[in-house]
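Novice: For reference, the file coords_38.pdb (PDB, C-alpha atoms) is included below:
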```
ATOM      1  CA  MET A   1       0.000   0.000   0.000
ATOM      2  CA  LEU A   2       2.928   2.350  -0.505
ATOM      3  CA  VAL A   3       1.306   3.583  -3.703
ATOM      4  CA  GLU A   4      -2.263   3.798  -4.856
ATOM      5  CA  PRO A   5      -3.486   0.777  -6.788
ATOM      6  CA  ARG A   6      -4.211   1.549 -10.421
ATOM      7  CA  SER A   7      -7.865   0.759  -9.795
ATOM      8  CA  GLY A   8      -7.924   3.447  -7.113
ATOM      9  CA  LEU A   9      -6.536   6.037  -9.486
ATOM     10  CA  LEU A  10      -8.988   5.079 -12.237
ATOM     11  CA  ALA A  11     -11.980   5.171  -9.902
ATOM     12  CA  ALA A  12     -10.996   8.388  -8.117
ATOM     13  CA  TRP A  13     -10.158  10.425 -11.194
ATOM     14  CA  GLY A  14     -12.954   8.838 -13.200
ATOM     15  CA  ASN A  15     -15.372   9.987 -10.515
ATOM     16  CA  ALA A  16     -13.928  13.502 -10.566
ATOM     17  CA  LEU A  17     -14.336  13.556 -14.350
ATOM     18  CA  LEU A  18     -17.945  12.365 -14.191
ATOM     19  CA  ALA A  19     -18.671  15.078 -11.626
ATOM     20  CA  GLY A  20     -17.220  17.738 -13.935
ATOM     21  CA  LEU A  21     -14.381  18.622 -11.557
ATOM     22  CA  VAL A  22     -11.499  17.787 -13.926
ATOM     23  CA  SER A  23     -11.057  17.664 -17.684
ATOM     24  CA  PRO A  24     -10.735  14.382 -19.603
ATOM     25  CA  ASP A  25      -7.036  15.068 -20.224
ATOM     26  CA  GLU A  26      -6.399  15.805 -16.537
ATOM     27  CA  ALA A  27      -8.110  12.588 -15.508
ATOM     28  CA  ALA A  28      -6.230  10.467 -18.052
ATOM     29  CA  LEU A  29      -2.878  11.977 -17.058
ATOM     30  CA  ALA A  30      -3.487  11.300 -13.366
ATOM     31  CA  ILE A  31      -4.628   7.719 -14.005
ATOM     32  CA  VAL A  32      -1.632   6.838 -16.198
ATOM     33  CA  GLY A  33       0.824   8.334 -13.713
ATOM     34  CA  GLU A  34       4.313   6.984 -14.350
ATOM     35  CA  ASP A  35       3.131   4.203 -16.660
ATOM     36  CA  ALA A  36       3.825   4.485 -20.378
ATOM     37  CA  VAL A  37       0.283   3.998 -21.645
ATOM     38  CA  HIS A  38      -3.160   2.760 -20.613
ATOM     39  CA  ARG A  39      -5.694   1.307 -23.043
ATOM     40  CA  VAL A  40      -9.212  -0.048 -22.520
ATOM     41  CA  ASP A  41     -10.297  -3.193 -24.378
ATOM     42  CA  GLY A  42     -13.746  -4.736 -24.713
ATOM     43  CA  LEU A  43     -15.899  -1.601 -24.690
ATOM     44  CA  PRO A  44     -19.274  -2.076 -26.373
ATOM     45  CA  GLY A  45     -19.159  -0.650 -29.872
ATOM     46  CA  GLU A  46     -15.363  -0.726 -30.144
ATOM     47  CA  ALA A  47     -13.518  -3.302 -32.221
ATOM     48  CA  GLY A  48     -10.257  -2.984 -30.267
ATOM     49  CA  PRO A  49      -8.464  -1.134 -27.483
ATOM     50  CA  VAL A  50      -9.075   2.604 -27.088
ATOM     51  CA  GLY A  51      -7.567   5.372 -24.987
ATOM     52  CA  LEU A  52      -8.706   6.316 -21.494
ATOM     53  CA  THR A  53     -10.357   9.561 -22.545
ATOM     54  CA  LEU A  54     -12.575   7.863 -25.104
ATOM     55  CA  ALA A  55     -13.284   4.940 -22.768
ATOM     56  CA  LEU A  56     -14.416   7.097 -19.848
ATOM     57  CA  GLY A  57     -16.622   9.126 -22.164
ATOM     58  CA  ARG A  58     -18.152   5.980 -23.623
ATOM     59  CA  LEU A  59     -18.868   4.541 -20.172
ATOM     60  CA  ARG A  60     -20.577   7.788 -19.195
ATOM     61  CA  ARG A  61     -22.770   7.641 -22.294
ATOM     62  CA  LEU A  62     -23.615   4.020 -21.467
ATOM     63  CA  GLY A  63     -24.955   5.176 -18.102
ATOM     64  CA  ALA A  64     -21.997   5.146 -15.687
ATOM     65  CA  THR A  65     -22.458   7.665 -12.870
ATOM     66  CA  GLY A  66     -19.527   6.588 -10.728
ATOM     67  CA  PHE A  67     -16.813   4.019 -10.158
ATOM     68  CA  ARG A  68     -16.117   1.669  -7.269
ATOM     69  CA  VAL A  69     -12.918  -0.173  -6.348
ATOM     70  CA  ALA A  70     -12.432  -3.850  -5.512
ATOM     71  CA  LEU A  71      -9.234  -5.128  -3.863
ATOM     72  CA  PRO A  72      -9.808  -8.887  -3.510
ATOM     73  CA  VAL A  73      -7.316 -11.481  -2.277
ATOM     74  CA  PRO A  74      -7.781 -15.230  -1.791
ATOM     75  CA  GLY A  75     -10.408 -15.805   0.857
ATOM     76  CA  HIS A  76     -11.586 -12.191   0.818
ATOM     77  CA  PRO A  77     -13.576 -11.030  -2.259
ATOM     78  CA  LEU A  78     -13.464  -7.404  -1.108
ATOM     79  CA  GLY A  79     -15.604  -5.185  -3.332
ATOM     80  CA  LEU A  80     -16.720  -7.906  -5.755
ATOM     81  CA  SER A  81     -20.284  -8.783  -6.705
ATOM     82  CA  GLY A  82     -19.825 -11.366  -9.505
ATOM     83  CA  PRO A  83     -20.193 -13.039 -11.885
ATOM     84  CA  PRO A  84     -17.521 -15.749 -11.401
ATOM     85  CA  ASP A  85     -15.507 -14.834 -14.523
ATOM     86  CA  PHE A  86     -15.088 -11.229 -13.459
ATOM     87  CA  ASN A  87     -14.350 -12.237  -9.875
ATOM     88  CA  ALA A  88     -11.668 -14.694 -11.024
ATOM     89  CA  ARG A  89      -9.918 -12.096 -13.198
ATOM     90  CA  ALA A  90     -10.123  -9.467 -10.478
ATOM     91  CA  LEU A  91      -8.755 -11.910  -7.913
ATOM     92  CA  GLU A  92      -5.817 -12.715 -10.183
ATOM     93  CA  ALA A  93      -5.041  -8.997 -10.576
ATOM     94  CA  GLU A  94      -5.930  -8.326  -6.902
ATOM     95  CA  GLU A  95      -7.825  -5.237  -8.009
ATOM     96  CA  ALA A  96     -10.624  -4.059 -10.274
ATOM     97  CA  VAL A  97     -12.969  -1.159 -10.960
ATOM     98  CA  VAL A  98     -16.739  -1.586 -11.062
ATOM     99  CA  ALA A  99     -18.882   1.019 -12.806
ATOM    100  CA  TYR A 100     -21.917   2.305 -10.944
ATOM    101  CA  GLY A 101     -25.046   2.753 -13.066
ATOM    102  CA  VAL A 102     -24.000   0.346 -15.809
ATOM    103  CA  ALA A 103     -23.122  -3.351 -15.473
ATOM    104  CA  TYR A 104     -19.463  -3.292 -16.489
ATOM    105  CA  GLY A 105     -16.196  -3.696 -14.651
ATOM    106  CA  LEU A 106     -12.569  -3.163 -15.612
ATOM    107  CA  VAL A 107      -9.625  -5.373 -14.654
ATOM    108  CA  PRO A 108      -6.028  -4.238 -15.313
ATOM    109  CA  GLU A 109      -3.516  -6.409 -17.137
ATOM    110  CA  VAL A 110      -0.015  -5.018 -16.618
ATOM    111  CA  THR A 111       2.968  -5.631 -18.907
ATOM    112  CA  GLU A 112       6.468  -4.590 -17.835
ATOM    113  CA  ALA A 113       9.651  -4.483 -19.914
ATOM    114  CA  GLY A 114      13.139  -3.176 -19.307
ATOM    115  CA  PRO A 115      15.650  -3.160 -16.447
ATOM    116  CA  ALA A 116      14.854  -2.211 -12.867
ATOM    117  CA  GLY A 117      14.666   1.519 -12.526
ATOM    118  CA  ASP A 118      13.803   1.969 -16.188
ATOM    119  CA  LEU A 119      10.666  -0.107 -16.627
ATOM    120  CA  HIS A 120       8.296   0.482 -19.509
ATOM    121  CA  VAL A 121       4.834  -0.296 -18.154
ATOM    122  CA  GLU A 122       1.737  -0.720 -20.279
ATOM    123  CA  VAL A 123      -1.740  -1.393 -18.890
ATOM    124  CA  VAL A 124      -4.750  -2.836 -20.680
ATOM    125  CA  TRP A 125      -8.052  -2.547 -18.826
ATOM    126  CA  ARG A 126     -10.338  -5.451 -19.773
ATOM    127  CA  VAL A 127     -14.026  -4.521 -19.765
ATOM    128  CA  LEU A 128     -16.273  -7.344 -18.552
ATOM    129  CA  PRO A 129     -19.911  -7.704 -17.519
ATOM    130  CA  VAL A 130     -20.557  -7.505 -13.786
ATOM    131  CA  ARG A 131     -23.493  -8.404 -11.611
ATOM    132  CA  GLU A 132     -25.442  -5.434 -10.286
ATOM    133  CA  ALA A 133     -25.422  -6.247  -6.588
ATOM    134  CA  PRO A 134     -23.957  -4.789  -3.376
ATOM    135  CA  PRO A 135     -20.152  -5.200  -3.242
ATOM    136  CA  ALA A 136     -18.763  -7.723  -0.797
ATOM    137  CA  ASP A 137     -17.571  -6.597   2.641
ATOM    138  CA  VAL A 138     -17.152  -2.849   1.968
ATOM    139  CA  PRO A 139     -17.588  -0.769   5.150
ATOM    140  CA  SER A 140     -18.757   2.812   5.444
ATOM    141  CA  LEU A 141     -16.133   5.491   6.037
ATOM    142  CA  GLY A 142     -17.114   5.703   9.677
ATOM    143  CA  GLU A 143     -16.813   1.961  10.176
ATOM    144  CA  ALA A 144     -13.461   1.906   8.359
ATOM    145  CA  GLU A 145     -12.051   4.694  10.489
ATOM    146  CA  ARG A 146     -13.058   2.977  13.737
ATOM    147  CA  GLU A 147     -11.734  -0.388  12.560
ATOM    148  CA  LEU A 148      -8.377   1.135  11.574
ATOM    149  CA  ALA A 149      -7.870   2.791  14.940
ATOM    150  CA  GLU A 150      -8.728  -0.394  16.828
ATOM    151  CA  ALA A 151      -6.673  -2.701  14.606
ATOM    152  CA  LEU A 152      -3.626  -0.451  14.719
ATOM    153  CA  ARG A 153      -3.777  -0.214  18.498
ATOM    154  CA  ASP A 154      -4.151  -3.958  18.997
ATOM    155  CA  ALA A 155      -1.459  -4.898  16.463
ATOM    156  CA  THR A 156       1.029  -2.348  17.797
ATOM    157  CA  ALA A 157       0.620  -3.759  21.293
ATOM    158  CA  VAL A 158       1.237  -7.319  20.089
ATOM    159  CA  LEU A 159       4.199  -6.414  17.874
ATOM    160  CA  SER A 160       5.817  -4.293  20.575
ATOM    161  CA  ARG A 161       5.439  -7.090  23.115
ATOM    162  CA  LEU A 162       7.143  -9.497  20.715
ATOM    163  CA  ASP A 163       9.837  -6.912  19.848
ATOM    164  CA  VAL A 164       9.037  -7.303  16.157
ATOM    165  CA  ALA A 165      10.771  -5.188  13.541
ATOM    166  CA  GLY A 166       8.256  -2.660  12.261
ATOM    167  CA  SER A 167       6.873  -1.646  15.656
ATOM    168  CA  GLY A 168       9.554   0.928  16.523
ATOM    169  CA  PRO A 169      12.008   3.470  15.085
ATOM    170  CA  VAL A 170      12.618   1.582  11.831
ATOM    171  CA  ALA A 171       8.931   1.690  11.008
ATOM    172  CA  GLU A 172       8.577   5.330  11.989
ATOM    173  CA  ALA A 173      11.539   6.281   9.787
ATOM    174  CA  ALA A 174       9.926   4.495   6.850
ATOM    175  CA  VAL A 175       6.643   6.271   7.504
ATOM    176  CA  ASP A 176       8.393   9.658   7.651
ATOM    177  CA  ALA A 177      10.163   8.956   4.354
ATOM    178  CA  TYR A 178       6.892   7.946   2.741
ATOM    179  CA  ARG A 179       5.180  11.105   3.951
ATOM    180  CA  ALA A 180       7.990  13.245   2.556
ATOM    181  CA  ARG A 181       7.659  11.596  -0.855
ATOM    182  CA  ALA A 182       3.889  11.988  -0.777
ATOM    183  CA  GLU A 183       4.122  15.706  -0.021
ATOM    184  CA  LEU A 184       6.295  16.191  -3.097
ATOM    185  CA  GLY A 185       4.107  14.032  -5.319
ATOM    186  CA  ARG A 186       0.453  13.674  -6.161
ATOM    187  CA  GLU A 187      -2.442  14.741  -4.030
ATOM    188  CA  VAL A 188      -4.307  12.034  -2.172
ATOM    189  CA  LEU A 189      -7.454  10.931  -3.984
ATOM    190  CA  ALA A 190      -8.936  13.347  -6.541
ATOM    191  CA  PRO A 191     -10.840  16.653  -6.405
ATOM    192  CA  GLY A 192     -14.259  16.488  -4.792
ATOM    193  CA  TYR A 193     -13.698  13.664  -2.316
ATOM    194  CA  PRO A 194     -14.881  14.396   1.238
ATOM    195  CA  PRO A 195     -12.115  15.173   3.766
ATOM    196  CA  ARG A 196     -13.000  12.087   5.786
ATOM    197  CA  ALA A 197     -12.247   9.869   2.785
ATOM    198  CA  VAL A 198      -8.831  11.492   2.402
ATOM    199  CA  ARG A 199      -8.148  10.978   6.103
ATOM    200  CA  VAL A 200      -9.205   7.322   6.003
ATOM    201  CA  LEU A 201      -7.081   6.600   2.920
ATOM    202  CA  GLU A 202      -4.004   8.250   4.447
ATOM    203  CA  MET A 203      -4.472   6.219   7.633
ATOM    204  CA  ALA A 204      -4.974   3.002   5.666
ATOM    205  CA  GLN A 205      -1.772   3.668   3.706
ATOM    206  CA  ARG A 206       0.137   4.295   6.924
ATOM    207  CA  VAL A 207      -1.163   1.089   8.488
ATOM    208  CA  GLY A 208      -0.294  -0.835   5.323
ATOM    209  CA  LEU A 209       3.204   0.612   5.376
ATOM    210  CA  LEU A 210       3.770  -0.440   8.985
ATOM    211  CA  VAL A 211       2.682  -3.972   8.122
ATOM    212  CA  SER A 212       5.022  -4.025   5.104
ATOM    213  CA  VAL A 213       7.960  -2.874   7.210
ATOM    214  CA  ALA A 214       7.200  -5.537   9.805
ATOM    215  CA  TYR A 215       7.254  -8.231   7.131
ATOM    216  CA  GLU A 216      10.285  -6.917   5.268
ATOM    217  CA  ASN A 217      12.591  -6.430   8.262
ATOM    218  CA  GLY A 218      12.793  -9.991   9.500
ATOM    219  CA  HIS A 219      11.469 -11.455  12.689
ATOM    220  CA  GLY A 220      13.040  -9.001  15.106
ATOM    221  CA  GLY A 221      12.908 -10.595  18.524
ATOM    222  CA  ALA A 222      10.182 -13.047  17.496
ATOM    223  CA  VAL A 223      12.482 -16.040  17.192
ATOM    224  CA  SER A 224      10.268 -18.873  18.375
ATOM    225  CA  ALA A 225       7.690 -20.544  16.174
ATOM    226  CA  SER A 226       4.913 -19.497  18.535
ATOM    227  CA  GLU A 227       6.055 -15.869  18.507
ATOM    228  CA  ILE A 228       6.296 -15.837  14.696
ATOM    229  CA  ALA A 229       2.800 -17.324  14.525
ATOM    230  CA  ALA A 230       1.545 -14.674  16.941
ATOM    231  CA  ARG A 231       3.008 -11.960  14.742
ATOM    232  CA  GLY A 232       1.266 -13.372  11.689
ATOM    233  CA  GLU A 233      -2.014 -13.534  13.585
ATOM    234  CA  ALA A 234      -1.556  -9.879  14.555
ATOM    235  CA  LEU A 235      -0.721  -8.681  11.045
ATOM    236  CA  ARG A 236      -3.296 -10.549   8.958
ATOM    237  CA  PRO A 237      -6.388  -8.857  10.403
ATOM    238  CA  VAL A 238      -4.647  -5.477  10.218
ATOM    239  CA  GLU A 239      -3.932  -5.987   6.515
ATOM    240  CA  ARG A 240      -7.568  -6.927   5.979
ATOM    241  CA  VAL A 241      -8.822  -3.855   7.831
ATOM    242  CA  ALA A 242      -6.454  -1.574   5.890
ATOM    243  CA  ARG A 243      -7.667  -2.905   2.545
ATOM    244  CA  ARG A 244     -11.299  -2.521   3.614
ATOM    245  CA  ALA A 245     -10.613   1.057   4.605
ATOM    246  CA  GLN A 246      -8.809   1.749   1.350
ATOM    247  CA  VAL A 247     -11.826   0.551  -0.642
ATOM    248  CA  ALA A 248     -14.211   2.541   1.564
ATOM    249  CA  ALA A 249     -12.221   5.711   0.879
ATOM    250  CA  TYR A 250     -12.180   5.261  -2.899
ATOM    251  CA  ASN A 251     -15.865   4.337  -2.913
ATOM    252  CA  ALA A 252     -16.931   7.329  -0.824
ATOM    253  CA  TYR A 253     -17.820   9.136  -4.042
ATOM    254  CA  VAL A 254     -20.661   6.735  -4.748
ATOM    255  CA  GLU A 255     -21.512   5.765  -1.170
ATOM    256  CA  GLY A 256     -25.263   5.677  -0.807
ATOM    257  CA  GLY A 257     -25.759   5.338  -4.576
ATOM    258  CA  GLU A 258     -25.079   8.963  -5.499
ATOM    259  CA  VAL A 259     -21.989  10.655  -6.857
ATOM    260  CA  ARG A 260     -20.897  13.499  -4.593
ATOM    261  CA  ARG A 261     -20.652  16.741  -6.542
TER     262      ARG A 261
END
```
Output the file's structure as structure tokens, nothing else.

Specialist:
Amino acid sequence: MLVEPRSGLLAAWGNALLAGLVSPDEAALAIVGEDAVHRVDGLPGEAGPVGLTLALGRLRRLGATGFRVALPVPGHPLGLSGPPDFNARALEAEEAVVAYGVAYGLVPEVTEAGPAGDLHVEVVWRVLPVREAPPADVPSLGEAERELAEALRDATAVLSRLDVAGSGPVAEAAVDAYRARAELGREVLAPGYPPRAVRVLEMAQRVGLLVSVAYENGHGGAVSASEIAARGEALRPVERVARRAQVAAYNAYVEGGEVRR
């Protein structure tokens, strides 16, 4: 969670475009980010892949009034509503966008070429039919905020007791570095999102970063099998809560079935 998932960028800036808060070119530029190019394949009425600007306009004409995010992982179909083919593709990518108001979803297929540090990244968004039903396990912003605070408190207590890397100065240094990069880079979310959504997403990213640092910096003092197992038990629910909160923040634009303008 050190960077926004591509589905988050597409949903956030697509929502801002639909609300008339940014131009098509601004939205496309923000969605592509540092990638080389994004194309959308499978749109009704199009014989092949098209650019983001055309695709977002076409989805709006088809009836799309907003976009939701799904961030599923095995055992947790977060944000999905079916059918099985779409769910399977989204699970493989671990992310997807679901249009609100029209029964289509988009799953990214990412191709990378070149050496580390000089990657050429191309993304094709596959358009697939989706089932019009409530998304799985997506909390409200209020629920997400409360869950994050509780999960972070509980996990920090467990990790500190086990002296696990990621619960002390190393983690805080990583968080500070991430914040510095974020301040110099893009804004969080897109224009028009409520402040609470921004706050929840920032907190979810921070929680996700702490979990990543804990995993990436070894076992710390947790040297016994039981202590390592306890650490895993502490981190897994925190990861789940952070992803739920991330989805809730991106989906705040269409929460309650209406795009916020």

Novice: When you count only C-alpha atoms, which of these residues is closest to Val247 (chain A): A:Ala149, A:Ala11, A:Leu59, A:Val50?

Specialist: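 Residue with the minimum atom-to-atom distance to Val247 (chain A): A:Ala11.
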
Novice: Evaluate the PyMOL selection byres ((chain A and resi 87) around 12) against this structure - the residues, as JSON, numbers by chain, please.

Specialist: {"A": [70, 71, 72, 73, 74, 75, 76, 77, 78, 79, 80, 81, 82, 83, 84, 85, 86, 88, 89, 90, 91, 92, 93, 94, 95, 96, 97, 98, 105, 106, 107, 128, 129, 130, 131, 135, 136]}

Novice: Scan for residues within 7 Å of the point (-10.2, 11.3, -19.2) in the coordinates of the file, using only C-alpha atoms, and reply as a PyMOL selection string.

Specialist: chain A and resi 17+23-28+52-53+56

Novice: Please, which residues are within 6 Å of (-13.8, -3.0, -20.2) by the file's coordinates, counting all atoms listed in the file, and could they come as number ranges by chain?

Specialist: A: 40-43, 106, 125-128

Novice: Quick check, in Å to one decimal: how far apart do CA of Ala133 (chain A) and CA of Glu109 (chain A) lie?

Specialist: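 If I compute the distance from CA of Ala133 (chain A) to CA of Glu109 (chain A), I get 24.3 Å.
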
Novice: What does the PyMOL selection byres ((chain A and resi 246) around 8) select in this file, as an MDAnalysis selection string?

Specialist: chainID A and resid 200:201 204:205 242:245 247:250

Novice: Counting all atoms listed in the file, which of A:Val110, A:Ala12, A:Ala47, A:Ala151 gets nearest to Met203 (chain A)?

Specialist: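 That would be A:Ala151, the residue with the smallest distance to Met203 (chain A).
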
Novice: Can you spell out as a list of chain:residue names the set of residues that the PyMOL selection byres ((chain A and resi 239) around 10) selects in the structure I just provided?

Specialist: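 The output of the PyMOL selection byres ((chain A and resi 239) around 10) on this file is A:Met1, A:Leu148, A:Ala151, A:Leu152, A:Ala204, A:Val207, A:Gly208, A:Leu209, A:Leu210, A:Val211, A:Ser212, A:Ala234, A:Leu235, A:Arg236, A:Pro237, A:Val238, A:Arg240, A:Val241, A:Ala242, A:Arg243, A:Arg244, A:Ala245.
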
Novice: Please determine, counting all atoms listed in the file, which residue among A:Leu9, A:Ala229, A:Val121, A:Val102 has the shortest atom-to-atom distance to Glu34 (chain A).

Specialist: A:Val121

Novice: Find the smallest box with edges along x, y and z containing every listed atom of region 139-146 of chain A, then add 5 Å on each side and report centre and edge lengths in Å to one decimal, as AutoDock Vina command-line options.

Specialist:
```
--center_x -15.4 --center_y 2.5 --center_z 9.4 --size_x 16.7 --size_y 16.5 --size_z 18.6
```

Novice: Using Å and a single decimal, report how far CA of Asn251 (chain A) sits from CA of Arg153 (chain A).

Specialist: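 For CA of Arg153 (chain A) relative to CA of Asn251 (chain A), the distance reads 25.0 Å.
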
Novice: Please measure the separation of CA of Ala113 (chain A) and CA of Asp35 (chain A), giving the value in Å to one decimal.

Specialist: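 Pair CA of Ala113 (chain A) / CA of Asp35 (chain A) returns 11.3 Å.
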
Novice: Can you work out which one of A:Gly63, A:Gly57, A:Val188, A:Asp137 has the shortest atom-to-atom distance to Gly20 (chain A), counting all atoms listed in the file?

Specialist: A:Gly57

Novice: Only N, CA and C atoms needed: put region 49-63 of chain A from the block into a file as a PDB file, in the first residue's frame.

Specialist:
```pdb
ATOM      1  N   PRO A  49      -8.798  -2.019 -28.603  1.00  0.00           N
ATOM      2  CA  PRO A  49      -8.464  -1.134 -27.483  1.00  0.00           C
ATOM      3  C   PRO A  49      -8.565   0.341 -27.871  1.00  0.00           C
ATOM      4  N   VAL A  50      -8.977   1.155 -26.891  1.00  0.00           N
ATOM      5  CA  VAL A  50      -9.075   2.604 -27.088  1.00  0.00           C
ATOM      6  C   VAL A  50      -8.408   3.300 -25.910  1.00  0.00           C
ATOM      7  N   GLY A  51      -8.188   4.599 -26.044  1.00  0.00           N
ATOM      8  CA  GLY A  51      -7.567   5.372 -24.987  1.00  0.00           C
ATOM      9  C   GLY A  51      -8.508   5.627 -23.818  1.00  0.00           C
ATOM     10  N   LEU A  52      -7.927   6.084 -22.702  1.00  0.00           N
ATOM     11  CA  LEU A  52      -8.706   6.316 -21.494  1.00  0.00           C
ATOM     12  C   LEU A  52      -9.767   7.392 -21.685  1.00  0.00           C
ATOM     13  N   THR A  53      -9.412   8.460 -22.375  1.00  0.00           N
ATOM     14  CA  THR A  53     -10.357   9.561 -22.545  1.00  0.00           C
ATOM     15  C   THR A  53     -11.608   9.095 -23.265  1.00  0.00           C
ATOM     16  N   LEU A  54     -11.425   8.385 -24.363  1.00  0.00           N
ATOM     17  CA  LEU A  54     -12.575   7.863 -25.104  1.00  0.00           C
ATOM     18  C   LEU A  54     -13.354   6.858 -24.259  1.00  0.00           C
ATOM     19  N   ALA A  55     -12.627   5.993 -23.545  1.00  0.00           N
ATOM     20  CA  ALA A  55     -13.284   4.940 -22.768  1.00  0.00           C
ATOM     21  C   ALA A  55     -14.149   5.519 -21.651  1.00  0.00           C
ATOM     22  N   LEU A  56     -13.636   6.502 -20.930  1.00  0.00           N
ATOM     23  CA  LEU A  56     -14.416   7.097 -19.848  1.00  0.00           C
ATOM     24  C   LEU A  56     -15.647   7.811 -20.397  1.00  0.00           C
ATOM     25  N   GLY A  57     -15.474   8.481 -21.542  1.00  0.00           N
ATOM     26  CA  GLY A  57     -16.622   9.126 -22.164  1.00  0.00           C
ATOM     27  C   GLY A  57     -17.664   8.124 -22.619  1.00  0.00           C
ATOM     28  N   ARG A  58     -17.227   7.003 -23.166  1.00  0.00           N
ATOM     29  CA  ARG A  58     -18.152   5.980 -23.623  1.00  0.00           C
ATOM     30  C   ARG A  58     -18.910   5.372 -22.440  1.00  0.00           C
ATOM     31  N   LEU A  59     -18.207   5.103 -21.344  1.00  0.00           N
ATOM     32  CA  LEU A  59     -18.868   4.541 -20.172  1.00  0.00           C
ATOM     33  C   LEU A  59     -19.909   5.512 -19.608  1.00  0.00           C
ATOM     34  N   ARG A  60     -19.609   6.806 -19.655  1.00  0.00           N
ATOM     35  CA  ARG A  60     -20.577   7.788 -19.195  1.00  0.00           C
ATOM     36  C   ARG A  60     -21.826   7.771 -20.080  1.00  0.00           C
ATOM     37  N   ARG A  61     -21.625   7.681 -21.384  1.00  0.00           N
ATOM     38  CA  ARG A  61     -22.770   7.641 -22.294  1.00  0.00           C
ATOM     39  C   ARG A  61     -23.581   6.353 -22.121  1.00  0.00           C
ATOM     40  N   LEU A  62     -22.917   5.282 -21.701  1.00  0.00           N
ATOM     41  CA  LEU A  62     -23.615   4.020 -21.467  1.00  0.00           C
ATOM     42  C   LEU A  62     -24.432   4.039 -20.172  1.00  0.00           C
ATOM     43  N   GLY A  63     -24.182   5.048 -19.329  1.00  0.00           N
ATOM     44  CA  GLY A  63     -24.955   5.176 -18.102  1.00  0.00           C
ATOM     45  C   GLY A  63     -24.152   5.198 -16.821  1.00  0.00           C
TER      46      GLY A  63
END
```
